[in-house]
$ cat structure-v1.txt   # compact mmCIF, C-alpha atoms
# COMPACT_ATOMS: atom_id res chain seq x y z
CA MET A 1 134.19 108.68 186.44
CA LYS A 2 136.98 109.33 188.87
CA ILE A 3 135.58 108.61 192.30
CA GLY A 4 137.38 109.19 195.57
CA ILE A 5 136.06 107.15 198.47
CA ILE A 6 136.96 108.36 201.93
CA GLY A 7 136.84 105.45 204.33
CA ALA A 8 137.05 102.81 201.59
CA THR A 9 138.12 100.15 204.08
CA GLY A 10 135.04 100.56 206.24
CA ASN A 11 132.12 98.14 206.26
CA VAL A 12 130.11 100.01 203.67
CA GLY A 13 133.06 101.86 202.11
CA ARG A 14 134.57 98.68 200.78
CA VAL A 15 131.30 97.60 199.19
CA ILE A 16 130.94 100.99 197.50
CA PHE A 17 134.53 100.76 196.33
CA LYS A 18 133.99 97.35 194.76
CA GLU A 19 130.71 98.40 193.15
CA ALA A 20 132.45 101.44 191.64
CA ARG A 21 135.19 99.26 190.19
CA THR A 22 132.69 96.69 188.91
CA ARG A 23 130.96 99.47 187.00
CA GLY A 24 134.24 100.50 185.37
CA HIS A 25 134.91 103.67 187.31
CA GLU A 26 138.36 104.80 188.38
CA ALA A 27 138.00 104.44 192.12
CA THR A 28 140.55 105.76 194.58
CA ALA A 29 140.58 104.63 198.19
CA ILE A 30 141.22 107.66 200.42
CA VAL A 31 142.39 106.02 203.62
CA ARG A 32 144.81 106.43 206.50
CA ASN A 33 146.47 103.07 205.88
CA ALA A 34 147.34 102.23 202.27
CA ALA A 35 148.73 98.79 203.12
CA LYS A 36 145.49 97.79 204.82
CA ALA A 37 143.48 99.08 201.86
CA LYS A 38 145.54 97.07 199.37
CA GLN A 39 145.29 93.95 201.47
CA MET A 40 141.54 94.36 201.64
CA LEU A 41 140.70 95.67 198.18
CA GLY A 42 143.54 94.43 195.97
CA ASN A 43 147.16 95.35 195.28
CA ASP A 44 146.27 97.06 192.01
CA ILE A 45 143.98 99.68 193.46
CA ASP A 46 144.58 103.44 193.52
CA VAL A 47 145.15 104.75 197.01
CA LEU A 48 145.48 108.24 198.45
CA GLU A 49 146.93 107.73 201.92
CA LYS A 50 145.99 110.67 204.06
CA ASP A 51 144.01 111.60 207.13
CA ALA A 52 140.69 112.84 205.75
CA LEU A 53 140.87 115.98 207.89
CA ALA A 54 144.20 116.89 206.28
CA LEU A 55 142.96 116.65 202.69
CA THR A 56 143.58 119.71 200.52
CA LYS A 57 141.81 121.15 197.51
CA THR A 58 144.71 119.95 195.36
CA ASP A 59 144.43 116.39 196.69
CA LEU A 60 140.82 116.23 195.52
CA SER A 61 140.87 118.37 192.39
CA ASP A 62 140.89 115.48 189.90
CA PHE A 63 137.83 113.65 191.15
CA ASP A 64 134.39 113.81 189.59
CA ALA A 65 132.87 112.61 192.83
CA ILE A 66 133.88 112.23 196.46
CA VAL A 67 132.04 109.72 198.61
CA ASN A 68 132.47 110.17 202.33
CA ALA A 69 131.99 106.70 203.78
CA SER A 70 134.13 107.30 206.82
CA ALA A 71 132.96 106.96 210.42
CA LEU A 72 135.36 108.96 212.57
CA GLN A 73 135.72 109.00 216.32
CA PRO A 74 135.21 111.15 218.33
CA ALA A 75 131.94 111.74 216.53
CA TYR A 76 132.37 115.52 216.17
CA LEU A 77 135.13 114.83 213.64
CA ASN A 78 132.46 113.78 211.15
CA LEU A 79 130.93 117.25 211.35
CA ASP A 80 134.40 118.78 210.98
CA LEU A 81 135.04 116.65 207.90
CA ALA A 82 131.73 117.69 206.34
CA THR A 83 132.43 121.39 206.92
CA LYS A 84 135.93 120.94 205.58
CA LEU A 85 134.80 119.20 202.40
CA VAL A 86 132.22 121.91 201.81
CA SER A 87 134.86 124.61 202.18
CA LEU A 88 137.12 122.80 199.68
CA PHE A 89 134.37 122.54 197.05
CA ARG A 90 132.69 125.96 197.32
CA ASP A 91 131.52 127.25 193.95
CA ASN A 92 132.49 123.96 192.30
CA ASP A 93 129.60 122.98 190.06
CA HIS A 94 131.22 119.78 188.79
CA THR A 95 132.28 117.53 191.64
CA GLN A 96 129.54 115.56 193.38
CA LEU A 97 129.93 115.06 197.13
CA VAL A 98 128.01 112.19 198.67
CA PHE A 99 127.76 111.99 202.44
CA ILE A 100 126.44 108.95 204.26
CA SER A 101 124.58 109.92 207.37
CA GLY A 102 122.84 107.51 209.72
CA ALA A 103 119.19 106.65 210.18
CA SER A 104 118.76 109.00 213.15
CA SER A 105 117.72 111.75 210.74
CA LEU A 106 114.82 109.69 209.39
CA VAL A 107 111.22 110.50 210.22
CA GLY A 108 108.75 107.94 211.55
CA ASP A 109 105.10 107.40 210.60
CA ASP A 110 104.05 109.75 213.42
CA GLY A 111 106.15 112.55 211.93
CA SER A 112 108.76 112.53 214.68
CA PHE A 113 112.47 112.59 213.95
CA GLN A 114 114.21 109.49 215.22
CA ILE A 115 116.96 111.64 216.75
CA ASP A 116 114.42 113.28 219.06
CA ASN A 117 113.28 109.90 220.31
CA ILE A 118 116.88 108.78 220.70
CA LEU A 119 117.75 111.89 222.71
CA LYS A 120 114.76 111.35 224.99
CA THR A 121 115.22 107.64 225.49
CA PHE A 122 118.99 107.44 225.74
CA ALA A 123 119.97 110.78 227.28
CA GLY A 124 123.48 110.64 228.70
CA GLN A 125 124.65 107.63 226.73
CA PRO A 126 128.02 108.42 225.17
CA TRP A 127 127.12 106.82 221.83
CA ILE A 128 124.41 109.43 221.34
CA GLU A 129 127.11 111.74 220.02
CA THR A 130 127.31 109.74 216.81
CA PRO A 131 123.67 110.11 215.67
CA LEU A 132 123.58 113.67 216.98
CA GLN A 133 126.60 114.76 214.96
CA GLN A 134 125.17 113.02 211.89
CA VAL A 135 122.00 115.08 212.20
CA HIS A 136 124.08 118.25 212.57
CA GLU A 137 125.99 117.25 209.45
CA LEU A 138 122.73 117.03 207.51
CA GLN A 139 121.46 120.33 208.96
CA PHE A 140 124.72 122.02 208.02
CA LEU A 141 124.60 120.72 204.45
CA GLN A 142 121.04 121.95 204.06
CA TRP A 143 122.39 125.52 204.33
CA ILE A 144 124.80 125.00 201.45
CA ASP A 145 123.72 125.91 197.93
CA ASN A 146 127.01 126.26 196.05
CA VAL A 147 128.36 122.73 196.52
CA LYS A 148 126.87 119.67 194.77
CA TRP A 149 126.14 117.67 197.91
CA THR A 150 123.81 114.71 198.44
CA VAL A 151 123.16 112.98 201.76
CA MET A 152 122.35 109.27 201.60
CA THR A 153 120.74 107.73 204.66
CA PRO A 154 120.37 104.00 205.25
CA GLN A 155 117.40 102.49 207.03
CA ASN A 156 117.57 101.44 210.69
CA ASP A 157 119.18 98.09 209.93
CA PHE A 158 122.19 98.66 207.71
CA VAL A 159 123.54 95.19 207.13
CA ALA A 160 126.03 93.15 205.14
CA GLY A 161 124.36 91.70 202.08
CA ASP A 162 124.43 91.59 198.31
CA LYS A 163 122.81 93.83 195.78
CA THR A 164 119.28 92.57 195.11
CA LYS A 165 116.44 95.02 194.58
CA PHE A 166 115.80 98.24 196.38
CA ARG A 167 113.56 101.29 196.51
CA LEU A 168 114.40 104.93 197.21
CA GLY A 169 112.67 107.36 199.57
CA THR A 170 113.19 110.82 200.96
CA ASN A 171 113.73 110.88 204.73
CA LYS A 172 111.06 108.44 205.94
CA ILE A 173 111.39 105.12 207.65
CA MET A 174 110.49 102.52 205.03
CA THR A 175 110.19 98.77 205.18
CA ASP A 176 111.06 95.77 203.08
CA LYS A 177 108.61 92.97 202.25
CA SER A 178 109.02 91.44 205.67
CA GLY A 179 108.28 94.73 207.41
CA LYS A 180 111.88 95.50 208.35
CA SER A 181 113.46 98.96 208.05
CA GLN A 182 116.54 97.48 206.42
CA VAL A 183 118.99 98.02 203.60
CA SER A 184 121.95 95.90 202.61
CA PHE A 185 125.38 97.38 201.92
CA GLY A 186 125.08 95.97 198.37
CA ASN A 187 121.81 97.73 197.66
CA PHE A 188 123.00 100.95 199.26
CA ALA A 189 126.18 100.92 197.16
CA ALA A 190 124.18 100.27 193.99
CA ALA A 191 121.86 103.19 194.74
CA LEU A 192 124.87 105.40 195.43
CA LEU A 193 126.53 104.55 192.13
CA ASP A 194 123.22 105.12 190.34
CA GLU A 195 123.06 108.59 191.88
CA LEU A 196 126.58 109.40 190.76
CA LYS A 197 125.78 108.34 187.20
CA ALA A 198 122.52 110.28 186.99
CA PRO A 199 122.20 112.72 189.90
CA LYS A 200 118.60 113.14 191.01
CA HIS A 201 119.21 114.29 194.58
CA VAL A 202 121.56 117.26 194.44
CA HIS A 203 121.06 119.37 197.60
CA GLN A 204 118.83 116.63 198.97
CA GLN A 205 118.78 113.73 201.37
CA PHE A 206 117.49 110.38 200.21
CA THR A 207 117.20 106.93 201.69
CA VAL A 208 117.40 103.39 200.36
CA VAL A 209 115.41 100.36 201.53
CA ASP A 210 115.58 96.72 200.49
CA ASP A 211 112.66 95.79 198.26
CA MET B 212 146.74 137.84 227.60
CA LYS B 213 147.89 136.99 224.10
CA ILE B 214 145.01 137.94 221.85
CA GLY B 215 144.89 137.29 218.11
CA ILE B 216 142.47 139.52 216.24
CA ILE B 217 141.40 138.32 212.82
CA GLY B 218 140.37 141.29 210.71
CA ALA B 219 142.16 143.82 212.94
CA THR B 220 142.10 146.43 210.18
CA GLY B 221 138.32 146.38 209.85
CA ASN B 222 136.04 149.07 211.26
CA VAL B 223 135.42 147.32 214.55
CA GLY B 224 138.56 145.14 214.46
CA ARG B 225 140.84 148.14 214.78
CA VAL B 226 138.91 149.48 217.78
CA ILE B 227 139.13 146.09 219.49
CA PHE B 228 142.83 145.95 218.70
CA LYS B 229 143.47 149.35 220.26
CA GLU B 230 141.36 148.55 223.32
CA ALA B 231 143.33 145.34 223.82
CA ARG B 232 146.63 147.22 223.67
CA THR B 233 145.34 149.97 225.96
CA ARG B 234 144.55 147.29 228.54
CA GLY B 235 148.09 145.94 228.32
CA HIS B 236 147.41 142.77 226.37
CA GLU B 237 149.74 141.36 223.75
CA ALA B 238 147.58 141.85 220.68
CA THR B 239 148.42 140.38 217.30
CA ALA B 240 146.74 141.59 214.14
CA ILE B 241 145.88 138.58 211.97
CA VAL B 242 145.44 140.18 208.56
CA ARG B 243 146.03 139.65 204.89
CA ASN B 244 148.10 142.82 204.51
CA ALA B 245 150.75 143.48 207.17
CA ALA B 246 151.84 146.80 205.67
CA LYS B 247 148.29 148.12 205.79
CA ALA B 248 147.92 146.96 209.39
CA LYS B 249 151.14 148.70 210.48
CA GLN B 250 150.17 151.88 208.70
CA MET B 251 146.80 151.84 210.44
CA LEU B 252 147.69 150.49 213.88
CA GLY B 253 151.35 151.40 214.36
CA ASN B 254 154.73 150.14 213.16
CA ASP B 255 155.46 148.45 216.47
CA ILE B 256 152.49 146.07 216.42
CA ASP B 257 152.63 142.29 216.16
CA VAL B 258 151.24 141.02 212.88
CA LEU B 259 150.49 137.57 211.55
CA GLU B 260 150.05 138.04 207.81
CA LYS B 261 147.87 135.24 206.50
CA ASP B 262 144.55 134.58 204.86
CA ALA B 263 142.27 133.60 207.75
CA LEU B 264 141.06 130.52 205.88
CA ALA B 265 144.66 129.26 205.62
CA LEU B 266 145.40 129.52 209.36
CA THR B 267 146.73 126.36 210.99
CA LYS B 268 146.59 125.02 214.51
CA THR B 269 150.27 125.89 214.88
CA ASP B 270 149.70 129.49 213.79
CA LEU B 271 147.20 129.94 216.59
CA SER B 272 148.61 127.72 219.34
CA ASP B 273 150.15 130.54 221.41
CA PHE B 274 147.05 132.67 221.82
CA ASP B 275 144.87 132.79 224.91
CA ALA B 276 142.05 134.22 222.82
CA ILE B 277 141.13 134.59 219.18
CA VAL B 278 138.70 137.33 218.17
CA ASN B 279 137.16 136.94 214.75
CA ALA B 280 136.34 140.46 213.66
CA SER B 281 136.61 139.75 209.95
CA ALA B 282 133.84 140.26 207.43
CA LEU B 283 134.64 138.13 204.43
CA GLN B 284 133.07 138.13 201.00
CA PRO B 285 131.43 136.11 199.54
CA ALA B 286 129.46 135.79 202.76
CA TYR B 287 129.65 131.98 202.94
CA LEU B 288 133.35 132.33 203.73
CA ASN B 289 132.39 133.57 207.20
CA LEU B 290 130.66 130.27 207.88
CA ASP B 291 133.69 128.42 206.50
CA LEU B 292 135.98 130.39 208.79
CA ALA B 293 133.81 129.62 211.82
CA THR B 294 133.77 125.88 211.07
CA LYS B 295 137.52 125.96 210.46
CA LEU B 296 138.28 127.74 213.74
CA VAL B 297 136.10 125.26 215.60
CA SER B 298 137.94 122.33 214.03
CA LEU B 299 141.31 123.87 215.01
CA PHE B 300 140.29 124.32 218.65
CA ARG B 301 138.39 121.08 219.36
CA ASP B 302 138.94 119.81 222.89
CA ASN B 303 140.91 122.94 223.75
CA ASP B 304 139.63 124.14 227.11
CA HIS B 305 141.96 127.13 227.32
CA THR B 306 141.66 129.35 224.26
CA GLN B 307 138.62 131.61 224.09
CA LEU B 308 137.12 132.17 220.64
CA VAL B 309 134.97 135.24 220.20
CA PHE B 310 132.88 135.56 217.06
CA ILE B 311 131.13 138.77 216.08
CA SER B 312 127.87 138.05 214.33
CA GLY B 313 125.43 140.69 213.10
CA ALA B 314 122.14 141.89 214.53
CA SER B 315 120.06 139.67 212.22
CA SER B 316 120.11 136.96 214.90
CA LEU B 317 118.48 139.26 217.47
CA VAL B 318 114.89 138.79 218.54
CA GLY B 319 112.35 141.63 218.59
CA ASP B 320 109.73 142.47 221.22
CA ASP B 321 107.19 140.33 219.33
CA GLY B 322 109.47 137.31 219.65
CA SER B 323 110.36 137.14 215.96
CA PHE B 324 113.89 136.72 214.76
CA GLN B 325 115.06 139.67 212.70
CA ILE B 326 116.46 137.32 210.08
CA ASP B 327 112.96 135.99 209.36
CA ASN B 328 111.67 139.51 208.78
CA ILE B 329 114.69 140.28 206.60
CA LEU B 330 114.14 137.16 204.52
CA LYS B 331 110.47 138.04 204.00
CA THR B 332 110.98 141.71 203.25
CA PHE B 333 114.12 141.56 201.15
CA ALA B 334 113.88 138.18 199.42
CA GLY B 335 116.19 138.02 196.44
CA GLN B 336 118.48 140.86 197.50
CA PRO B 337 122.09 139.71 197.16
CA TRP B 338 123.15 141.29 200.47
CA ILE B 339 120.79 138.94 202.32
CA GLU B 340 123.55 136.34 202.16
CA THR B 341 125.52 138.22 204.80
CA PRO B 342 122.92 138.18 207.61
CA LEU B 343 121.85 134.67 206.60
CA GLN B 344 125.35 133.24 206.87
CA GLN B 345 125.83 135.03 210.20
CA VAL B 346 122.76 133.29 211.56
CA HIS B 347 124.05 129.95 210.28
CA GLU B 348 127.37 130.67 211.99
CA LEU B 349 125.54 131.14 215.29
CA GLN B 350 123.42 128.02 214.75
CA PHE B 351 126.53 126.01 213.98
CA LEU B 352 128.34 127.22 217.09
CA GLN B 353 125.35 126.32 219.25
CA TRP B 354 126.04 122.65 218.42
CA ILE B 355 129.62 122.88 219.70
CA ASP B 356 130.36 121.97 223.31
CA ASN B 357 134.10 121.28 223.30
CA VAL B 358 135.36 124.66 222.12
CA LYS B 359 135.24 127.80 224.32
CA TRP B 360 133.23 129.96 221.93
CA THR B 361 131.24 133.11 222.54
CA VAL B 362 129.17 134.99 219.97
CA MET B 363 128.90 138.75 220.42
CA THR B 364 126.13 140.52 218.56
CA PRO B 365 125.87 144.27 218.15
CA GLN B 366 122.57 146.10 218.05
CA ASN B 367 120.99 147.24 214.78
CA ASP B 368 123.07 150.40 214.55
CA PHE B 369 126.72 149.50 214.97
CA VAL B 370 128.49 152.81 214.72
CA ALA B 371 131.82 154.56 215.17
CA GLY B 372 132.05 156.09 218.61
CA ASP B 373 134.03 156.07 221.83
CA LYS B 374 133.68 153.92 224.89
CA THR B 375 131.09 155.47 227.21
CA LYS B 376 128.66 153.31 229.15
CA PHE B 377 126.91 150.20 227.99
CA ARG B 378 124.64 147.37 229.05
CA LEU B 379 124.66 143.69 228.11
CA GLY B 380 121.78 141.50 226.97
CA THR B 381 121.19 138.04 225.61
CA ASN B 382 119.75 138.05 222.08
CA LYS B 383 117.07 140.75 222.30
CA ILE B 384 116.83 144.08 220.58
CA MET B 385 117.61 146.68 223.24
CA THR B 386 117.63 150.45 223.16
CA ASP B 387 119.72 153.29 224.50
CA LYS B 388 118.28 156.29 226.38
CA SER B 389 117.08 157.86 223.16
CA GLY B 390 115.27 154.70 222.10
CA LYS B 391 117.81 153.62 219.49
CA SER B 392 119.00 150.02 219.05
CA GLN B 393 122.61 151.14 218.88
CA VAL B 394 126.08 150.30 220.12
CA SER B 395 129.33 152.13 219.45
CA PHE B 396 132.48 150.30 218.37
CA GLY B 397 134.12 151.64 221.54
CA ASN B 398 131.50 150.19 223.85
CA PHE B 399 131.43 146.92 221.94
CA ALA B 400 135.21 146.59 222.17
CA ALA B 401 135.14 147.32 225.90
CA ALA B 402 132.48 144.66 226.47
CA LEU B 403 134.53 142.20 224.42
CA LEU B 404 137.69 142.79 226.42
CA ASP B 405 135.69 142.51 229.65
CA GLU B 406 134.44 139.11 228.45
CA LEU B 407 137.98 137.94 227.70
CA LYS B 408 139.16 138.98 231.16
CA ALA B 409 136.28 137.34 233.01
CA PRO B 410 134.31 135.03 230.71
CA LYS B 411 130.61 134.97 231.55
CA HIS B 412 129.24 133.86 228.18
CA VAL B 413 131.06 130.69 227.20
CA HIS B 414 128.84 128.72 224.78
CA GLN B 415 126.49 131.69 224.63
CA GLN B 416 125.52 134.64 222.52
CA PHE B 417 125.31 138.07 224.11
CA THR B 418 124.64 141.56 222.87
CA VAL B 419 125.82 145.04 223.85
CA VAL B 420 123.80 148.27 223.75
CA ASP B 421 124.81 151.86 224.49
CA ASP B 422 123.50 152.98 227.86

$ encode --input "structure-v1.txt" --output "structure tokens"
Amino acid sequence: MKIGIIGATGNVGRVIFKEARTRGHEATAIVRNAAKAKQMLGNDIDVLEKDALALTKTDLSDFDAIVNASALQPAYLNLDLATKLVSLFRDNDHTQLVFISGASSLVGDDGSFQIDNILKTFAGQPWIETPLQQVHELQFLQWIDNVKWTVMTPQNDFVAGDKTKFRLGTNKIMTDKSGKSQVSFGNFAAALLDELKAPKHVHQQFTVVDD
Amino acid sequence: MKIGIIGATGNVGRVIFKEARTRGHEATAIVRNAAKAKQMLGNDIDVLEKDALALTKTDLSDFDAIVNASALQPAYLNLDLATKLVSLFRDNDHTQLVFISGASSLVGDDGSFQIDNILKTFAGQPWIETPLQQVHELQFLQWIDNVKWTVMTPQNDFVAGDKTKFRLGTNKIMTDKSGKSQVSFGNFAAALLDELKAPKHVHQQFTVVDD
């Protein structure tokens, strides 16, 4: 598959990029700084150097899948990028779009959304904008039925680490063997590439937890 | 004021355009067909001929206000235009954006949203997409706090007719003297131009009813 990865030099983006290449896909790093991407990911990689918010339909027309692994600041730009990507892929029933949206949209054992607890507990903190915009991104996508979107959500601890074993869930907080709500970048990337190969969560959110 | 009116050749767009000119504003018709606009609104008018979804920040940088009076098909394009306009005006604390969004987002005396009744009663009808996307447009805008947006909603009957007298409301169904939930294009346009002159509904929805 031809996979375009927006934010391929980010913490999780680079792991997804490498996993895609390991599996034999044609991966393209869609990044603002091509030199940085080549230094990080290898001189032989395919790069599309462009600000994500300036991408056009033509730029993205050759990809079978677009993975948005970027984390823009200010946080509202992530919502703008999601709405933009949707508008570029309207009525496209081929290209898969995978968005990565943080754990604030997960639901706890008591049925409460984590974002509601965050808003109560940390009202006024500037960093709240990031989880809030991520939830809006998910809410926006849930209105969209003519774009092949999937939202992947990590668990609360989203940490560097290799691919081992993992389980999937819907939008619940889940725990690994030691009781931690945690997923490694390696496991997350593996689950993402599995989804691209055999999509099971079109128009859905799903989460990944270390086993 | 310099006012750009997207969809200035539409039923209500043309009334807004004329009201703006009558009040001495510099109105620009933002339309797909300049010849049609000149034929309808006068050869001396200012026209920006462009597909609304292709508008750039530069195209719109000179305006004090943008009025979106377009009604695009398929209906999801209206949501795409709203998200696009928001992205173009992020962190702009000068330019007013006025969106016109249909009566489906109004609330009845029993507290129910009209869209919910529409979805129940007319499930499966293709035209449902239009009120549904209009509600999504409003929901989306309600997340946005760094763009000077206002949503104006007509009453159930939105009809040709001159400016007479009118009242404003929030998001409730209201009635004129004869008990009809109705507003004329003329009254709606007058209320809109009043709002541009002295904004009282930034980050809010409001409705207009014939007196």

$ atom_distance --input "structure-v1.txt" --atom1 "atom CA of A:Asp210" --atom2 "atom CA of A:Leu41"
25.2 Å

$ interface_residues --input "structure-v1.txt" --of "chain B" --to "chain A" --cutoff "10 Å" --atoms "all atoms listed in the file" --output "count of residues only"
23

$ atom_distance --input "structure-v1.txt" --atom1 "atom CA of B:Ala263" --atom2 "atom CA of B:Gly397"
24.1 Å

$ closest_residue --input "structure-v1.txt" --among "B:Ala248, B:Ala238, B:Ile326, B:Leu317" --to "B:Ile214" --atoms "all atoms listed in the file"
B:Ala238

$ residues_around --input "structure-v1.txt" --residues "stretch 225-237 of chain B" --least-positions-apart "2" --cutoff "9 Å" --atoms "only C-alpha atoms" --output "list in words"
Met212, Lys213, Ile214, Gly215, Ile216, Gly218, Ala219, Thr220, Gly221, Asn222, Val223, Thr239, Ala240, Ala248, Met251, Leu252, Asp257, Val278, Ala280, Phe396, Gly397, Phe399, Ala400, Ala401, Leu403 and Leu404 of chain B

$ atom_distance --input "structure-v1.txt" --atom1 "atom CA of B:Gln284" --atom2 "atom CA of B:Ala314"
17.8 Å

$ residues_around --input "structure-v1.txt" --residues "A:Ile6" --least-positions-apart "6" --cutoff "6 Å" --atoms "all atoms listed in the file" --output "number ranges by chain"
A: 30, 68-70

$ residues_near_point --input "structure-v1.txt" --point "(128.4, 140.5, 229.5)" --cutoff "10 Å" --atoms "only C-alpha atoms" --output "ChimeraX atom specification"
/B:363,377-381,402-403,405-406,409-412,416-419

$ decode --input "structure-v1.txt" --residues "stretch 39-56 of chain A" --atoms "N, CA, C and O atoms" --output "PDB file, in the first residue's frame"
ATOM      1  N   GLN A  39      17.175  12.646   7.995  1.00  0.00           N
ATOM      2  CA  GLN A  39      18.170  12.403   9.048  1.00  0.00           C
ATOM      3  C   GLN A  39      17.625  11.374  10.045  1.00  0.00           C
ATOM      4  O   GLN A  39      18.342  10.482  10.498  1.00  0.00           O
ATOM      5  N   MET A  40      16.361  11.487  10.332  1.00  0.00           N
ATOM      6  CA  MET A  40      15.752  10.636  11.348  1.00  0.00           C
ATOM      7  C   MET A  40      15.373   9.258  10.822  1.00  0.00           C
ATOM      8  O   MET A  40      15.519   8.243  11.505  1.00  0.00           O
ATOM      9  N   LEU A  41      14.881   9.216   9.590  1.00  0.00           N
ATOM     10  CA  LEU A  41      14.251   7.993   9.083  1.00  0.00           C
ATOM     11  C   LEU A  41      15.037   7.315   7.965  1.00  0.00           C
ATOM     12  O   LEU A  41      14.708   6.200   7.565  1.00  0.00           O
ATOM     13  N   GLY A  42      16.081   8.008   7.462  1.00  0.00           N
ATOM     14  CA  GLY A  42      16.887   7.414   6.396  1.00  0.00           C
ATOM     15  C   GLY A  42      16.872   8.263   5.145  1.00  0.00           C
ATOM     16  O   GLY A  42      15.849   8.836   4.785  1.00  0.00           O
ATOM     17  N   ASN A  43      18.029   8.326   4.462  1.00  0.00           N
ATOM     18  CA  ASN A  43      18.136   9.173   3.275  1.00  0.00           C
ATOM     19  C   ASN A  43      17.335   8.664   2.091  1.00  0.00           C
ATOM     20  O   ASN A  43      17.050   9.408   1.153  1.00  0.00           O
ATOM     21  N   ASP A  44      16.969   7.391   2.134  1.00  0.00           N
ATOM     22  CA  ASP A  44      16.272   6.786   0.989  1.00  0.00           C
ATOM     23  C   ASP A  44      14.754   6.905   1.067  1.00  0.00           C
ATOM     24  O   ASP A  44      14.048   6.372   0.212  1.00  0.00           O
ATOM     25  N   ILE A  45      14.255   7.559   2.072  1.00  0.00           N
ATOM     26  CA  ILE A  45      12.797   7.562   2.239  1.00  0.00           C
ATOM     27  C   ILE A  45      12.105   8.550   1.289  1.00  0.00           C
ATOM     28  O   ILE A  45      12.723   9.481   0.791  1.00  0.00           O
ATOM     29  N   ASP A  46      10.818   8.301   1.046  1.00  0.00           N
ATOM     30  CA  ASP A  46       9.998   9.240   0.276  1.00  0.00           C
ATOM     31  C   ASP A  46       9.455  10.312   1.209  1.00  0.00           C
ATOM     32  O   ASP A  46       8.911   9.995   2.275  1.00  0.00           O
ATOM     33  N   VAL A  47       9.619  11.554   0.776  1.00  0.00           N
ATOM     34  CA  VAL A  47       9.165  12.670   1.600  1.00  0.00           C
ATOM     35  C   VAL A  47       8.296  13.611   0.773  1.00  0.00           C
ATOM     36  O   VAL A  47       8.598  13.888  -0.385  1.00  0.00           O
ATOM     37  N   LEU A  48       7.208  14.046   1.357  1.00  0.00           N
ATOM     38  CA  LEU A  48       6.422  15.160   0.809  1.00  0.00           C
ATOM     39  C   LEU A  48       6.550  16.288   1.820  1.00  0.00           C
ATOM     40  O   LEU A  48       6.029  16.195   2.931  1.00  0.00           O
ATOM     41  N   GLU A  49       7.323  17.323   1.428  1.00  0.00           N
ATOM     42  CA  GLU A  49       7.599  18.419   2.360  1.00  0.00           C
ATOM     43  C   GLU A  49       6.540  19.494   2.206  1.00  0.00           C
ATOM     44  O   GLU A  49       6.506  20.202   1.193  1.00  0.00           O
ATOM     45  N   LYS A  50       5.673  19.585   3.154  1.00  0.00           N
ATOM     46  CA  LYS A  50       4.593  20.568   3.068  1.00  0.00           C
ATOM     47  C   LYS A  50       3.945  20.724   4.434  1.00  0.00           C
ATOM     48  O   LYS A  50       3.829  19.767   5.190  1.00  0.00           O
ATOM     49  N   ASP A  51       3.503  21.925   4.708  1.00  0.00           N
ATOM     50  CA  ASP A  51       2.674  22.157   5.886  1.00  0.00           C
ATOM     51  C   ASP A  51       1.377  21.376   5.701  1.00  0.00           C
ATOM     52  O   ASP A  51       0.720  21.480   4.668  1.00  0.00           O
ATOM     53  N   ALA A  52       1.001  20.600   6.693  1.00  0.00           N
ATOM     54  CA  ALA A  52      -0.177  19.733   6.558  1.00  0.00           C
ATOM     55  C   ALA A  52      -1.418  20.541   6.192  1.00  0.00           C
ATOM     56  O   ALA A  52      -2.270  20.073   5.417  1.00  0.00           O
ATOM     57  N   LEU A  53      -1.532  21.744   6.726  1.00  0.00           N
ATOM     58  CA  LEU A  53      -2.727  22.548   6.470  1.00  0.00           C
ATOM     59  C   LEU A  53      -2.749  23.150   5.070  1.00  0.00           C
ATOM     60  O   LEU A  53      -3.735  23.751   4.663  1.00  0.00           O
ATOM     61  N   ALA A  54      -1.651  22.964   4.319  1.00  0.00           N
ATOM     62  CA  ALA A  54      -1.605  23.453   2.941  1.00  0.00           C
ATOM     63  C   ALA A  54      -1.741  22.316   1.935  1.00  0.00           C
ATOM     64  O   ALA A  54      -1.675  22.528   0.726  1.00  0.00           O
ATOM     65  N   LEU A  55      -1.938  21.090   2.412  1.00  0.00           N
ATOM     66  CA  LEU A  55      -2.040  19.950   1.505  1.00  0.00           C
ATOM     67  C   LEU A  55      -3.258  20.088   0.594  1.00  0.00           C
ATOM     68  O   LEU A  55      -4.310  20.591   1.003  1.00  0.00           O
ATOM     69  N   THR A  56      -3.104  19.633  -0.640  1.00  0.00           N
ATOM     70  CA  THR A  56      -4.208  19.684  -1.602  1.00  0.00           C
ATOM     71  C   THR A  56      -4.661  18.265  -1.938  1.00  0.00           C
ATOM     72  O   THR A  56      -3.972  17.283  -1.640  1.00  0.00           O
TER      73      THR A  56
END
